[in-house]
Amino acid sequence: MDWTWFHRFGSPPHLYGLAGRLVPWFAWPAALAIAAGLYGGLVLAPPDYQQGDGFRIIYVHAPSAWLSLMAYTWMAVAAAIGLVWRMKVAHAMAASCAPIGAWFTVAALCTGMLWGKPMWGTYWVWDPRLTAELVLLFLYLGYLGLRSAIEDPQRADRASAVLAVVGVVNVPIVRYSVEWWNSIHQAPSVMKFGKPTISWPMLTPLLIMFVGFTLLFLALVLVRVRGEILRRERQARWVSEVIAA
Amino acid sequence: MSGFLSMGGYASSVWPAVALTFGIIAWNIVAARRSFAAARAEARRRIAAGDPS
């Protein structure tokens, strides 16, 4: 098998340039999709027969939760690649995912609380889904804390990568918590096998939001990874060429 | 329009949730750009100082 693509992808100057070129291709479609999804969700979608207009929080809550899990999965995969192949750019990628994922975990938790208050009568319950998402936030914060506590960048990369890989066990727990345990949180209506249990006029804006948040995540991570590559490649000659240009 | 803004009585939940999410999106865009700009500025400083470490 031809592995040159893998090595090229692992080359810091290559990824630095590629990431820079790709950012607008993700950022502008992300902005479009999020604007369209929000309009569809808040204006076009019909009110829910039980929750009225209150259900519209789903259009910001579910995509945020999706992004929080996607960012962690990316981070863990990149960290594992970094550990196994000692790839600098993989560690740079993992480090770029963490702050984004942490922020959108906060978004998922807070929008969920705002949704819980009118529907469940409380902002917070120690429910499996909610607790597992809170653990996700602590994993992100632990990862970021560990990185900032270790001065040597290579050691910080390796130690935090171990934490990221171990913590990935929490991702399926968040995902399946509503099926494994008796949860107050509603079961998935989109991210499941079989037909979605949500009608098309409600589902379409939600799917557009998922696409928008995925593209947003990619754009953000590509901007951040360029900075992380520069920090790891300070001695390389290509950096002075790129910076001087 | 006022019907839209009142969100069927759920305005106090829906709008803060939307505002918070978009605040976090905006902050993430700013933070990502700042993080990259800081790394580039630092690299530039090192090169200008002739310090390759």
# chains A, B, ... in the order shown; residues from 1 in each chain; ligands from 1

call {"tool": "interface_residues", "arguments": {"of": "chain A", "to": "chain B", "cutoff": "6 Å", "atoms": "only C-alpha atoms", "output": "PyMOL selection string"}}
result
chain A and resi 53-54+57+107+111+114+224+227+235

call {"tool": "residues_around", "arguments": {"residues": "Glu133 in chain A", "least_positions_apart": "2", "cutoff": "10 Å", "atoms": "only C-alpha atoms", "output": "PyMOL selection string"}}
result
chain A and resi 65+68-69+105-106+108-109+127-131+135-139+170-171+173-175+177

call {"tool": "write_last_selection", "arguments": {"atoms": "N, CA and C atoms", "output": "short mmCIF file (atom, residue, chain, number, x, y, z; two decimals), in the first residue's frame"}}
result
data_model
loop_
_atom_site.label_atom_id
_atom_site.label_comp_id
_atom_site.auth_asym_id
_atom_site.auth_seq_id
_atom_site.Cartn_x
_atom_site.Cartn_y
_atom_site.Cartn_z
N ALA A 65 -24.13 19.73 21.51
CA ALA A 65 -23.77 18.46 22.13
C ALA A 65 -23.04 17.57 21.13
N SER A 68 -19.55 18.76 20.81
CA SER A 68 -18.74 18.44 21.99
C SER A 68 -18.23 17.01 21.92
N LEU A 69 -19.05 16.09 21.40
CA LEU A 69 -18.63 14.69 21.30
C LEU A 69 -17.71 14.47 20.10
N THR A 105 -19.16 22.01 25.00
CA THR A 105 -19.74 21.23 26.10
C THR A 105 -20.47 22.17 27.04
N VAL A 106 -19.86 23.33 27.31
CA VAL A 106 -20.53 24.35 28.13
C VAL A 106 -21.84 24.77 27.46
N ALA A 108 -23.69 23.04 25.37
CA ALA A 108 -24.67 21.95 25.46
C ALA A 108 -25.27 21.88 26.86
N LEU A 109 -24.43 22.00 27.88
CA LEU A 109 -24.91 21.91 29.26
C LEU A 109 -25.85 23.08 29.59
N ASP A 127 -28.75 13.02 36.32
CA ASP A 127 -29.23 12.02 35.39
C ASP A 127 -28.02 11.47 34.63
N PRO A 128 -28.07 10.21 34.17
CA PRO A 128 -26.90 9.65 33.47
C PRO A 128 -26.39 10.50 32.31
N ARG A 129 -27.30 10.96 31.44
CA ARG A 129 -26.87 11.75 30.29
C ARG A 129 -26.23 13.06 30.71
N LEU A 130 -26.89 13.75 31.64
CA LEU A 130 -26.38 15.05 32.07
C LEU A 130 -25.04 14.89 32.80
N THR A 131 -24.97 13.86 33.65
CA THR A 131 -23.75 13.63 34.42
C THR A 131 -22.59 13.27 33.48
N VAL A 135 -19.05 15.11 32.95
CA VAL A 135 -17.76 14.42 33.01
C VAL A 135 -16.93 14.78 31.77
N LEU A 136 -17.60 14.90 30.61
CA LEU A 136 -16.91 15.29 29.38
C LEU A 136 -16.24 16.66 29.55
N LEU A 137 -16.96 17.58 30.19
CA LEU A 137 -16.38 18.91 30.43
C LEU A 137 -15.15 18.78 31.33
N PHE A 138 -15.25 17.95 32.38
CA PHE A 138 -14.10 17.77 33.28
C PHE A 138 -12.93 17.13 32.55
N LEU A 139 -13.21 16.23 31.61
CA LEU A 139 -12.13 15.62 30.83
C LEU A 139 -11.40 16.68 30.00
N ASN A 170 -15.72 7.75 27.70
CA ASN A 170 -16.90 8.52 28.11
C ASN A 170 -17.80 8.88 26.93
N VAL A 171 -17.24 8.89 25.72
CA VAL A 171 -18.04 9.31 24.55
C VAL A 171 -19.24 8.39 24.31
N ILE A 173 -20.54 6.51 26.46
CA ILE A 173 -21.40 6.59 27.65
C ILE A 173 -22.38 7.75 27.50
N VAL A 174 -21.87 8.90 27.02
CA VAL A 174 -22.78 10.03 26.79
C VAL A 174 -23.82 9.64 25.74
N ARG A 175 -23.33 9.06 24.66
CA ARG A 175 -24.20 8.75 23.53
C ARG A 175 -25.30 7.75 23.91
N SER A 177 -26.18 6.71 27.04
CA SER A 177 -26.72 6.80 28.40
C SER A 177 -28.24 6.77 28.43
#

call {"tool": "residues_around", "arguments": {"residues": "Val89 in chain A", "least_positions_apart": "4", "cutoff": "8 Å", "atoms": "only C-alpha atoms", "output": "PyMOL selection string"}}
result
chain A and resi 10-12+15+82+93+229

call {"tool": "closest_residue", "arguments": {"among": "A:Val166, A:Ala33, A:Leu144, A:Ala90", "to": "Trp74 in chain A", "atoms": "only C-alpha atoms"}}
result
A:Ala90

call {"tool": "select_by_dssp", "arguments": {"residues": "chain B", "states": "alpha helix (DSSP H)", "output": "JSON, numbers by chain"}}
result
{"B": [2, 3, 4, 5, 6, 11, 12, 13, 14, 15, 16, 17, 18, 19, 20, 21, 22, 23, 24, 25, 26, 27, 28, 29, 30, 31, 32, 33, 34, 35, 36, 37, 38, 39, 40, 41, 42, 43, 44, 45, 46, 47, 48]}

call {"tool": "atom_distance", "arguments": {"atom1": "CA of Ala159 in chain A", "atom2": "CA of Leu215 in chain A"}}
result
28.9 Å
